[in-house]
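Colleague: File name protein.cif; file contents mmCIF, C-alpha atoms; full text below.
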```
data_query
#
loop_
_atom_site.label_atom_id
_atom_site.label_comp_id
_atom_site.auth_asym_id
_atom_site.auth_seq_id
_atom_site.Cartn_x
_atom_site.Cartn_y
_atom_site.Cartn_z
CA MET A 21 -31.72 0.42 -1.19
CA ASN A 22 -30.12 1.47 2.07
CA TYR A 23 -27.04 0.20 3.82
CA PRO A 24 -27.56 0.72 7.53
CA ASN A 25 -23.97 0.06 8.46
CA GLY A 26 -22.68 3.57 8.95
CA LYS A 27 -20.48 3.35 5.85
CA LYS A 28 -22.50 5.74 3.76
CA ARG A 29 -20.16 8.69 4.09
CA LYS A 30 -17.22 6.53 3.13
CA VAL A 31 -19.04 5.15 0.13
CA LYS A 32 -19.91 8.63 -1.09
CA GLN A 33 -16.32 9.70 -0.81
CA VAL A 34 -15.08 6.63 -2.65
CA THR A 35 -17.64 7.14 -5.39
CA SER A 36 -16.37 10.60 -6.18
CA GLN A 37 -12.95 9.15 -6.87
CA THR A 38 -14.17 6.44 -9.22
CA ASN A 39 -16.31 8.51 -11.54
CA ASN A 40 -14.82 6.90 -14.56
CA GLN A 41 -15.62 3.34 -13.58
CA GLY A 42 -19.43 3.58 -13.70
CA TYR A 43 -21.35 1.08 -11.63
CA SER A 44 -24.86 -0.24 -11.42
CA ASN A 45 -27.20 1.29 -8.87
CA ARG A 46 -28.26 -2.13 -7.67
CA GLY A 47 -25.72 -2.03 -4.91
CA MET A 48 -22.59 -0.35 -3.68
CA SER A 49 -19.61 0.13 -5.91
CA LEU A 50 -17.19 -2.76 -6.12
CA GLU A 51 -14.62 -0.72 -4.22
CA ALA A 52 -17.07 -0.05 -1.39
CA ASP A 53 -18.03 -3.75 -1.28
CA ILE A 54 -14.38 -4.78 -1.10
CA ASN A 55 -13.71 -2.26 1.66
CA VAL A 56 -16.57 -3.69 3.73
CA THR A 57 -15.24 -7.18 3.06
CA ASN A 58 -11.68 -6.26 4.06
CA THR A 59 -12.94 -4.66 7.26
CA TYR A 60 -14.78 -7.89 8.03
CA TYR A 61 -11.64 -9.94 7.33
CA LEU A 62 -9.64 -7.62 9.58
CA GLU A 63 -12.14 -7.66 12.44
CA THR A 64 -12.48 -11.43 12.35
CA ASP A 65 -8.67 -11.72 12.15
CA LYS A 66 -8.89 -13.74 8.93
CA ALA A 67 -6.50 -11.58 6.89
CA VAL A 68 -4.86 -8.16 6.86
CA ILE A 69 -5.63 -6.62 3.47
CA HIS A 70 -5.97 -2.89 2.80
CA LYS A 71 -6.67 -0.61 -0.10
CA LYS A 72 -3.73 1.65 -0.80
CA PRO A 73 -4.45 5.36 -0.61
CA THR A 74 -5.19 7.11 -3.91
CA PRO A 75 -1.84 8.40 -5.20
CA VAL A 76 -1.84 12.16 -5.29
CA GLN A 77 0.82 14.60 -6.47
CA ILE A 78 0.80 17.41 -3.94
CA VAL A 79 1.74 20.80 -5.39
CA ASN A 80 0.63 23.35 -2.78
CA VAL A 81 0.01 23.13 0.93
CA LYS A 82 -1.05 25.96 3.22
CA TYR A 83 -0.29 25.90 6.94
CA PRO A 84 -2.89 28.12 8.60
CA LYS A 85 -2.18 29.13 12.19
CA ARG A 86 -3.86 26.93 14.78
CA SER A 87 -5.46 24.57 12.24
CA ALA A 88 -4.57 21.60 10.07
CA ALA A 89 -2.47 21.91 6.92
CA VAL A 90 -4.64 22.31 3.82
CA ILE A 91 -3.61 20.90 0.47
CA THR A 92 -4.76 23.57 -1.99
CA GLU A 93 -3.42 22.12 -5.22
CA ALA A 94 -2.89 18.47 -6.05
CA TYR A 95 -3.40 16.09 -8.95
CA PHE A 96 -4.36 12.46 -9.28
CA LYS A 97 -1.39 10.29 -10.22
CA GLN A 98 -1.46 6.98 -12.04
CA ALA A 99 -0.97 4.11 -9.61
CA SER A 100 2.28 2.22 -10.17
CA THR A 101 1.03 -0.94 -8.51
CA THR A 102 -2.33 -2.54 -7.80
CA ASP A 103 -4.93 -1.09 -5.44
CA TYR A 104 -5.02 -3.75 -2.74
CA ASN A 105 -2.44 -5.82 -0.92
CA GLY A 106 -1.88 -7.62 2.33
CA ILE A 107 -1.34 -10.98 3.95
CA TYR A 108 -3.49 -14.11 4.19
CA ARG A 109 -2.46 -17.53 5.49
CA ASN A 110 1.23 -16.54 5.38
CA HIS A 111 0.92 -15.46 1.76
CA TYR A 112 1.34 -12.08 0.15
CA ILE A 113 -1.92 -11.14 -1.61
CA ASP A 114 -2.10 -8.45 -4.29
CA PHE A 115 -5.00 -7.55 -6.51
CA GLU A 116 -6.72 -4.98 -8.67
CA ALA A 117 -10.50 -4.50 -8.79
CA LYS A 118 -12.39 -3.33 -11.86
CA GLU A 119 -16.03 -3.16 -12.78
CA THR A 120 -17.76 -2.70 -16.09
CA LYS A 121 -21.31 -2.07 -17.28
CA ASN A 122 -20.49 -3.90 -20.50
CA LYS A 123 -22.52 -7.10 -20.94
CA THR A 124 -20.36 -9.01 -23.40
CA LEU A 125 -16.76 -8.15 -22.64
CA PHE A 126 -14.29 -6.83 -20.08
CA PRO A 127 -12.33 -3.90 -21.56
CA LEU A 128 -8.59 -3.92 -20.92
CA SER A 129 -8.35 -0.18 -21.45
CA ASN A 130 -8.20 0.82 -17.80
CA ILE A 131 -5.46 -1.63 -16.92
CA HIS A 132 -1.95 -0.28 -17.29
CA GLU A 133 1.17 -2.06 -18.45
CA HIS A 134 3.07 -1.33 -15.21
CA GLN A 135 0.24 -2.98 -13.28
CA ILE A 136 0.64 -6.12 -15.40
CA LYS A 137 4.42 -6.07 -14.86
CA HIS A 138 3.87 -5.55 -11.14
CA MET A 139 1.52 -8.54 -10.91
CA GLN A 140 3.94 -10.73 -12.85
CA SER A 141 6.71 -9.78 -10.42
CA ILE A 142 4.52 -10.55 -7.44
CA ILE A 143 3.76 -14.03 -8.74
CA LYS A 144 7.42 -14.59 -9.56
CA HIS A 145 8.40 -13.72 -5.97
CA GLY A 146 5.88 -16.17 -4.54
CA GLY A 147 2.81 -14.00 -4.03
CA ILE A 148 -0.79 -14.44 -5.12
CA SER A 149 -2.07 -11.87 -7.61
CA PHE A 150 -5.42 -11.60 -9.34
CA PHE A 151 -8.17 -9.35 -10.64
CA ILE A 152 -11.59 -8.94 -9.13
CA ILE A 153 -13.88 -8.17 -12.06
CA ARG A 154 -17.50 -7.15 -11.68
CA PHE A 155 -20.04 -7.19 -14.48
CA SER A 156 -22.42 -4.75 -12.86
CA SER A 157 -25.22 -5.39 -15.39
CA TYR A 158 -25.39 -8.98 -14.15
CA ASN A 159 -24.29 -8.16 -10.62
CA GLU A 160 -21.65 -10.89 -10.99
CA THR A 161 -18.18 -10.59 -9.53
CA TYR A 162 -15.32 -12.89 -10.57
CA LEU A 163 -11.88 -13.65 -9.28
CA PHE A 164 -9.69 -13.85 -12.36
CA PRO A 165 -6.13 -15.04 -11.68
CA GLY A 166 -3.35 -12.84 -13.02
CA GLU A 167 -1.91 -15.83 -14.85
CA ASN A 168 -5.13 -16.10 -16.89
CA LEU A 169 -5.18 -12.44 -17.82
CA PHE A 170 -1.56 -12.00 -18.94
CA PRO A 171 -2.05 -13.88 -22.26
CA TYR A 172 -4.91 -11.52 -23.21
CA TRP A 173 -2.75 -8.57 -22.35
CA TYR A 174 0.07 -9.66 -24.64
CA GLU A 175 -2.39 -10.66 -27.38
CA MET A 176 -3.74 -7.13 -27.12
CA LEU A 177 -0.27 -5.64 -27.55
CA GLU A 178 0.17 -7.78 -30.66
CA ASP A 179 -3.15 -7.70 -32.48
CA GLY A 180 -4.84 -4.70 -30.87
CA ARG A 181 -7.79 -6.55 -29.38
CA LYS A 182 -8.64 -4.59 -26.24
CA SER A 183 -10.96 -6.80 -24.25
CA ILE A 184 -11.70 -10.24 -22.84
CA PRO A 185 -15.04 -11.85 -23.78
CA TYR A 186 -17.48 -12.26 -20.90
CA GLU A 187 -17.59 -16.03 -21.51
CA LYS A 188 -13.84 -16.30 -20.96
CA ILE A 189 -14.11 -14.51 -17.63
CA THR A 190 -16.85 -16.92 -16.55
CA GLN A 191 -14.83 -19.93 -17.75
CA ASP A 192 -11.33 -19.04 -16.52
CA GLY A 193 -12.46 -17.06 -13.49
CA LYS A 194 -14.44 -18.07 -10.42
CA LEU A 195 -17.71 -16.46 -9.38
CA ILE A 196 -17.32 -14.83 -5.95
CA PRO A 197 -20.21 -15.50 -3.56
CA PHE A 198 -22.14 -12.57 -2.10
CA GLN A 199 -23.10 -12.32 1.57
CA TYR A 200 -24.36 -9.31 3.40
CA GLN A 201 -21.32 -8.87 5.65
CA VAL A 202 -18.78 -10.39 3.31
CA ARG A 203 -20.01 -8.71 0.18
CA VAL A 204 -17.16 -9.98 -2.02
CA ASP A 205 -15.84 -13.06 -0.26
CA TYR A 206 -12.82 -13.40 -2.51
CA LEU A 207 -10.75 -15.26 0.08
CA SER A 208 -13.13 -18.23 -0.18
CA ILE A 209 -12.08 -18.42 -3.85
CA VAL A 210 -8.41 -17.88 -2.98
CA ASP A 211 -8.75 -20.90 -0.66
CA THR A 212 -9.98 -23.15 -3.47
CA LEU A 213 -7.64 -21.84 -6.18
CA TYR A 214 -4.34 -21.40 -4.35
CA PHE A 215 -4.29 -23.63 -1.28
CA MET B 28 26.60 17.45 -1.59
CA ASN B 29 25.01 16.47 -4.88
CA TYR B 30 23.33 13.26 -5.91
CA PRO B 31 23.85 12.94 -9.63
CA ASN B 32 21.22 10.26 -10.07
CA GLY B 33 18.36 12.31 -11.42
CA LYS B 34 16.38 11.81 -8.23
CA LYS B 35 16.69 15.36 -7.03
CA ARG B 36 13.18 16.46 -7.93
CA LYS B 37 11.72 13.43 -6.23
CA VAL B 38 13.75 14.07 -3.10
CA LYS B 39 12.54 17.66 -2.90
CA GLN B 40 8.96 16.57 -3.23
CA VAL B 41 9.33 13.94 -0.56
CA THR B 42 10.96 16.43 1.76
CA SER B 43 8.02 18.81 1.58
CA GLN B 44 5.78 16.07 2.88
CA THR B 45 7.94 15.14 5.82
CA ASN B 46 8.53 18.54 7.32
CA ASN B 47 7.76 17.30 10.77
CA GLN B 48 10.39 14.58 10.80
CA GLY B 49 13.46 16.79 10.60
CA TYR B 50 16.60 15.19 9.23
CA SER B 51 20.28 15.90 9.18
CA ASN B 52 21.72 17.66 6.15
CA ARG B 53 24.46 15.10 5.84
CA GLY B 54 22.47 13.12 3.33
CA MET B 55 19.05 12.52 1.94
CA SER B 56 16.09 11.95 4.17
CA LEU B 57 15.54 8.38 5.32
CA GLU B 58 12.44 8.19 3.15
CA ALA B 59 14.39 9.25 0.06
CA ASP B 60 17.15 6.73 0.86
CA ILE B 61 14.61 3.93 1.24
CA ASN B 62 12.93 4.90 -2.03
CA VAL B 63 16.27 4.69 -3.85
CA THR B 64 16.91 1.33 -2.19
CA ASN B 65 13.49 -0.04 -3.12
CA THR B 66 13.97 1.07 -6.73
CA TYR B 67 17.27 -0.79 -6.76
CA TYR B 68 15.62 -3.92 -5.30
CA LEU B 69 12.88 -3.67 -7.93
CA GLU B 70 15.25 -3.15 -10.84
CA THR B 71 17.51 -6.01 -9.80
CA ASP B 72 14.40 -8.17 -9.24
CA LYS B 73 15.39 -8.85 -5.63
CA ALA B 74 12.09 -7.80 -4.06
CA VAL B 75 8.91 -5.88 -4.80
CA ILE B 76 8.49 -3.33 -2.01
CA HIS B 77 6.78 0.05 -2.39
CA LYS B 78 5.96 3.02 -0.25
CA LYS B 79 2.25 3.51 0.05
CA PRO B 80 0.94 6.86 -1.15
CA THR B 81 0.41 9.51 1.53
CA PRO B 82 -3.20 9.15 2.69
CA VAL B 83 -5.18 12.23 1.79
CA GLN B 84 -8.80 13.13 2.51
CA ILE B 85 -10.07 14.76 -0.67
CA VAL B 86 -12.75 17.39 -0.10
CA ASN B 87 -12.95 19.34 -3.36
CA VAL B 88 -12.02 18.52 -6.93
CA LYS B 89 -12.43 20.77 -9.94
CA TYR B 90 -12.75 19.35 -13.44
CA PRO B 91 -11.59 22.09 -15.82
CA LYS B 92 -12.45 21.59 -19.49
CA ARG B 93 -9.65 20.03 -21.51
CA SER B 94 -7.29 19.56 -18.60
CA ALA B 95 -6.66 17.27 -15.67
CA ALA B 96 -8.83 17.24 -12.57
CA VAL B 97 -7.43 19.53 -9.85
CA ILE B 98 -7.82 18.73 -6.18
CA THR B 99 -8.43 22.14 -4.59
CA GLU B 100 -9.04 21.12 -1.00
CA ALA B 101 -7.64 18.10 0.79
CA TYR B 102 -6.18 17.18 4.17
CA PHE B 103 -3.51 14.82 5.36
CA LYS B 104 -4.98 11.76 7.06
CA GLN B 105 -3.33 9.59 9.67
CA ALA B 106 -2.06 6.38 8.11
CA SER B 107 -3.89 3.30 9.38
CA THR B 108 -1.03 0.95 8.52
CA THR B 109 2.71 1.21 8.00
CA ASP B 110 4.33 3.13 5.15
CA TYR B 111 6.00 0.30 3.25
CA ASN B 112 5.03 -3.19 2.23
CA GLY B 113 5.73 -5.81 -0.37
CA ILE B 114 7.17 -9.24 -0.99
CA TYR B 115 10.64 -10.71 -0.56
CA ARG B 116 11.65 -14.37 -0.83
CA ASN B 117 7.97 -15.44 -0.72
CA HIS B 118 7.41 -13.47 2.46
CA TYR B 119 5.18 -10.53 3.14
CA ILE B 120 7.31 -7.61 4.34
CA ASP B 121 5.85 -4.63 6.19
CA PHE B 122 7.68 -1.78 7.90
CA GLU B 123 7.63 1.75 9.15
CA ALA B 124 10.57 4.16 8.85
CA LYS B 125 11.34 6.91 11.37
CA GLU B 126 14.26 9.20 11.93
CA THR B 127 15.22 11.34 14.86
CA LYS B 128 17.81 14.02 15.56
CA ASN B 129 17.82 12.97 19.20
CA LYS B 130 21.19 11.54 20.31
CA THR B 131 20.17 9.53 23.34
CA LEU B 132 16.72 8.13 22.65
CA PHE B 133 14.14 7.26 20.04
CA PRO B 134 10.82 8.98 20.83
CA LEU B 135 7.71 6.84 20.50
CA SER B 136 5.51 9.89 20.04
CA ASN B 137 5.15 9.65 16.29
CA ILE B 138 4.17 6.00 16.30
CA HIS B 139 0.45 5.34 16.59
CA GLU B 140 -1.34 2.57 18.40
CA HIS B 141 -3.09 1.32 15.25
CA GLN B 142 0.32 0.95 13.60
CA ILE B 143 1.47 -1.24 16.48
CA LYS B 144 -1.73 -3.32 16.25
CA HIS B 145 -1.25 -3.59 12.49
CA MET B 146 2.33 -4.85 12.86
CA GLN B 147 1.28 -7.37 15.49
CA SER B 148 -1.40 -8.69 13.12
CA ILE B 149 1.09 -8.96 10.28
CA ILE B 150 3.47 -11.03 12.39
CA LYS B 151 0.58 -13.20 13.62
CA HIS B 152 -0.43 -13.93 10.02
CA GLY B 153 3.10 -14.98 9.09
CA GLY B 154 4.60 -11.75 7.79
CA ILE B 155 7.81 -9.93 8.69
CA SER B 156 7.37 -6.54 10.29
CA PHE B 157 9.95 -4.11 11.64
CA PHE B 158 10.98 -0.51 12.08
CA ILE B 159 13.80 1.22 10.28
CA ILE B 160 15.10 3.82 12.70
CA ARG B 161 17.68 6.44 11.81
CA PHE B 162 19.63 8.48 14.30
CA SER B 163 20.49 11.28 11.93
CA SER B 164 23.00 12.89 14.31
CA TYR B 165 25.13 9.74 14.07
CA ASN B 166 24.03 8.90 10.53
CA GLU B 167 23.21 5.41 11.80
CA THR B 168 20.22 3.44 10.59
CA TYR B 169 18.93 0.36 12.40
CA LEU B 170 16.49 -2.40 11.62
CA PHE B 171 14.50 -2.89 14.80
CA PRO B 172 12.16 -5.91 14.74
CA GLY B 173 8.54 -5.22 15.64
CA GLU B 174 8.75 -7.90 18.31
CA ASN B 175 11.47 -5.91 20.08
CA LEU B 176 9.53 -2.68 20.03
CA PHE B 177 6.14 -3.89 21.27
CA PRO B 178 7.27 -4.30 24.91
CA TYR B 179 8.41 -0.66 24.99
CA TRP B 180 5.09 0.40 23.55
CA TYR B 181 3.10 -1.35 26.27
CA GLU B 182 5.49 -0.17 28.96
CA MET B 183 4.81 3.35 27.70
CA LEU B 184 1.07 2.87 27.98
CA GLU B 185 1.55 1.72 31.56
CA ASP B 186 4.18 4.00 33.05
CA GLY B 187 4.17 6.88 30.58
CA ARG B 188 7.78 6.52 29.41
CA LYS B 189 7.71 7.74 25.82
CA SER B 190 10.98 6.64 24.28
CA ILE B 191 13.51 3.86 23.78
CA PRO B 192 17.11 4.55 24.85
CA TYR B 193 19.63 4.72 21.99
CA GLU B 194 21.63 1.88 23.58
CA LYS B 195 18.61 -0.43 23.41
CA ILE B 196 18.18 0.28 19.72
CA THR B 197 21.83 -0.52 19.09
CA GLN B 198 21.61 -3.71 21.20
CA ASP B 199 18.28 -5.15 20.05
CA GLY B 200 18.44 -3.75 16.52
CA LYS B 201 20.91 -4.33 13.69
CA LEU B 202 22.91 -1.60 12.01
CA ILE B 203 21.97 -1.39 8.32
CA PRO B 204 24.97 -1.04 5.99
CA PHE B 205 25.17 1.96 3.67
CA GLN B 206 26.13 1.70 0.00
CA TYR B 207 25.74 4.31 -2.65
CA GLN B 208 23.10 2.47 -4.69
CA VAL B 209 21.59 0.52 -1.84
CA ARG B 210 21.52 3.35 0.63
CA VAL B 211 19.62 1.42 3.31
CA ASP B 212 20.24 -2.23 2.51
CA TYR B 213 17.68 -3.49 5.00
CA LEU B 214 17.10 -6.77 3.15
CA SER B 215 20.65 -7.86 4.00
CA ILE B 216 19.57 -7.60 7.65
CA VAL B 217 16.24 -9.31 6.95
CA ASP B 218 18.30 -12.18 5.51
CA THR B 219 20.30 -12.61 8.70
CA LEU B 220 17.41 -12.06 11.14
CA TYR B 221 14.51 -13.91 9.53
CA PHE B 222 15.89 -16.58 7.17
#
```
Could you render the structure as structure tokens?
Modeller:
Amino acid sequence: MNYPNGKKRKVKQVTSQTNNQGYSNRGMSLEADINVTNTYYLETDKAVIHKKPTPVQIVNVKYPKRSAAVITEAYFKQASTTDYNGIYRNHYIDFEAKETKNKTLFPLSNIHEHQIKHMQSIIKHGGISFFIIRFSSYNETYLFPGENLFPYWYEMLEDGRKSIPYEKITQDGKLIPFQYQVRVDYLSIVDTLYF
Amino acid sequence: MNYPNGKKRKVKQVTSQTNNQGYSNRGMSLEADINVTNTYYLETDKAVIHKKPTPVQIVNVKYPKRSAAVITEAYFKQASTTDYNGIYRNHYIDFEAKETKNKTLFPLSNIHEHQIKHMQSIIKHGGISFFIIRFSSYNETYLFPGENLFPYWYEMLEDGRKSIPYEKITQDGKLIPFQYQVRVDYLSIVDTLYF
């Protein structure tokens, strides 16, 4: 399957940074799909939502004469917030995107406590915060409100359960429609859930 | 001058990434001051505002056995948005911080057109967007609303003038008060200007 939209290089680059998230080869990675979607939202002036740069701890930089500075040693840092934020219809929007190959459950293992705390703060201050969760085996992508995930998180801290059943995601989340240009049209779900 | 708040390592690290912005040795860099301020806002639950990570184009990563991935070649990328964003009193907040040693004018040379376009979009979608400008020679820091800067930007594109006179910044901006813990209390100015 080819994507004749000139994004291939970007996709490749993104892929290399998300090794650990594994995605189906049916389509682009969730991150790539969301980037295409956000570009569409930006170009149609619907919303201004960006992915934050990957946080990197820079240790060594060389400044060669007559050419750009080269970072020669750096390490990936854990993000202290979510990956995406921006503004839509006067509202602050903040979300995290995750995909899994698992067919029966969504593992909570790659969500971090400070991300949960961050999302709770955002909601408390009047923002909209949610997860975009893709089950790549089914090629289904859900918007799952932060409010619906927090109880599972705290249950996990108490009884050690480390996942949310697939059925719960389908029940308490909303399936995000797919279109070629708006590959993950999550704002259509935001419209129905929050406005 | 010492800052006995355990932030020293962080400050050093920040400094190495902002070589080109030059700042007075009277205090910390503007970026470090804003980071301290944002941490205070976060800890007192006043607002959730973060600096975005420095955008980096990663070219090579090594995965040594039994230790963390090392980025061995990467380059600084130009930011496509502003450096800081978040939420305050239900509102999306977005700003860029710049400091200059110049005593008579604020140079527009290190502001990029896409940043201006981004800020205009933010305001159009209902957000609050501004510059924090420090004249390090005077140790004065101003909040300068985006709306007040745009005309200078377009004047520059037309007649080539590449700066804003210091007097204009002091007239059309608001001096941000300094306190030890809230080193750049810009939200106090946001309160008076936008609410």
Colleague: Which residues would end up in the selection if the PyMOL selection byres ((chain A) within 6 of (chain B)) were applied here, given that I need the answer as a PyMOL selection string?
Modeller: chain A and resi 73+75+90-95+110+112+145-146
Colleague: So what does the PyMOL selection byres ((chain B and resi 208) around 9) actually pick up in this one, as a CSV table (one decimal) with C-alpha atoms, in the coordinates of the input?
Modeller:
```csv
chain,number,residue,atom,x,y,z
B,63,VAL,CA,16.3,4.7,-3.8
B,64,THR,CA,16.9,1.3,-2.2
B,67,TYR,CA,17.3,-0.8,-6.8
B,205,PHE,CA,25.2,2.0,3.7
B,206,GLN,CA,26.1,1.7,0.0
B,207,TYR,CA,25.7,4.3,-2.6
B,209,VAL,CA,21.6,0.5,-1.8
B,210,ARG,CA,21.5,3.4,0.6
B,211,VAL,CA,19.6,1.4,3.3
```
Colleague: Quick check, in Å to one decimal: how far apart do CA of His132 in chain A and CA of Ala52 in chain A lie?
Modeller: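 Going from CA of His132 in chain A over to CA of Ala52 in chain A covers 21.9 Å.
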Colleague: Written as a compact mmCIF listing (two decimals) with C-alpha atoms, in the coordinates of the input, which residues does the PyMOL selection byres ((chain B and resi 137) around 12) give for the file shown?
Modeller:
```txt
# COMPACT_ATOMS: atom_id res chain seq x y z
CA ASN B 47 7.76 17.30 10.77
CA GLN B 48 10.39 14.58 10.80
CA GLN B 105 -3.33 9.59 9.67
CA ALA B 106 -2.06 6.38 8.11
CA GLU B 123 7.63 1.75 9.15
CA ALA B 124 10.57 4.16 8.85
CA LYS B 125 11.34 6.91 11.37
CA GLU B 126 14.26 9.20 11.93
CA THR B 127 15.22 11.34 14.86
CA PHE B 133 14.14 7.26 20.04
CA PRO B 134 10.82 8.98 20.83
CA LEU B 135 7.71 6.84 20.50
CA SER B 136 5.51 9.89 20.04
CA ILE B 138 4.17 6.00 16.30
CA HIS B 139 0.45 5.34 16.59
CA GLU B 140 -1.34 2.57 18.40
CA HIS B 141 -3.09 1.32 15.25
CA GLN B 142 0.32 0.95 13.60
CA ILE B 143 1.47 -1.24 16.48
CA TRP B 180 5.09 0.40 23.55
CA LYS B 189 7.71 7.74 25.82
CA SER B 190 10.98 6.64 24.28
```
Colleague: What does the distance between CA of Thr59 in chain A and CA of Tyr214 in chain A come to in Å, to one decimal place?
Modeller: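 Atom-to-atom, CA of Thr59 in chain A to CA of Tyr214 in chain A, that is 22.1 Å.
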Colleague: Do you have the CA of Tyr162 in chain A-CA of Gly180 in chain A distance handy?
Modeller: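 Separating CA of Tyr162 in chain A from CA of Gly180 in chain A is a distance of 24.3 Å.
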Colleague: Using all atoms listed in the file, which residue out of A:Lys82, A:Val210, A:Asn58, A:Lys123 lies closest to Ser156 in chain A?
Modeller: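 Distance minimum relative to Ser156 in chain A lands on A:Lys123.
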Colleague: Could you check the closest approach to Phe151 in chain A for each of A:Glu63, A:Asp192, A:Glu187, A:Asp211 and tell me which residue wins, using all atoms listed in the file?
Modeller: A:Asp192
Colleague: If the box runs along x, y and z of the file and leaves 8 Å on each side of range 158-164 of chain A, what are its centre and edge lengths in Å, one decimal, as lines of an AutoDock Vina configuration file?
Modeller:
```
center_x = -17.5
center_y = -11.0
center_z = -11.7
size_x = 31.7
size_y = 21.7
size_z = 20.9
```
Colleague: Select, from A:Lys137, A:Ile184, A:Tyr158, A:Leu163, the residue with the minimum atom-to-atom distance to Tyr206 in chain A, counting all atoms listed in the file.
Modeller: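 For Tyr206 in chain A, the nearest of the candidates is A:Leu163.
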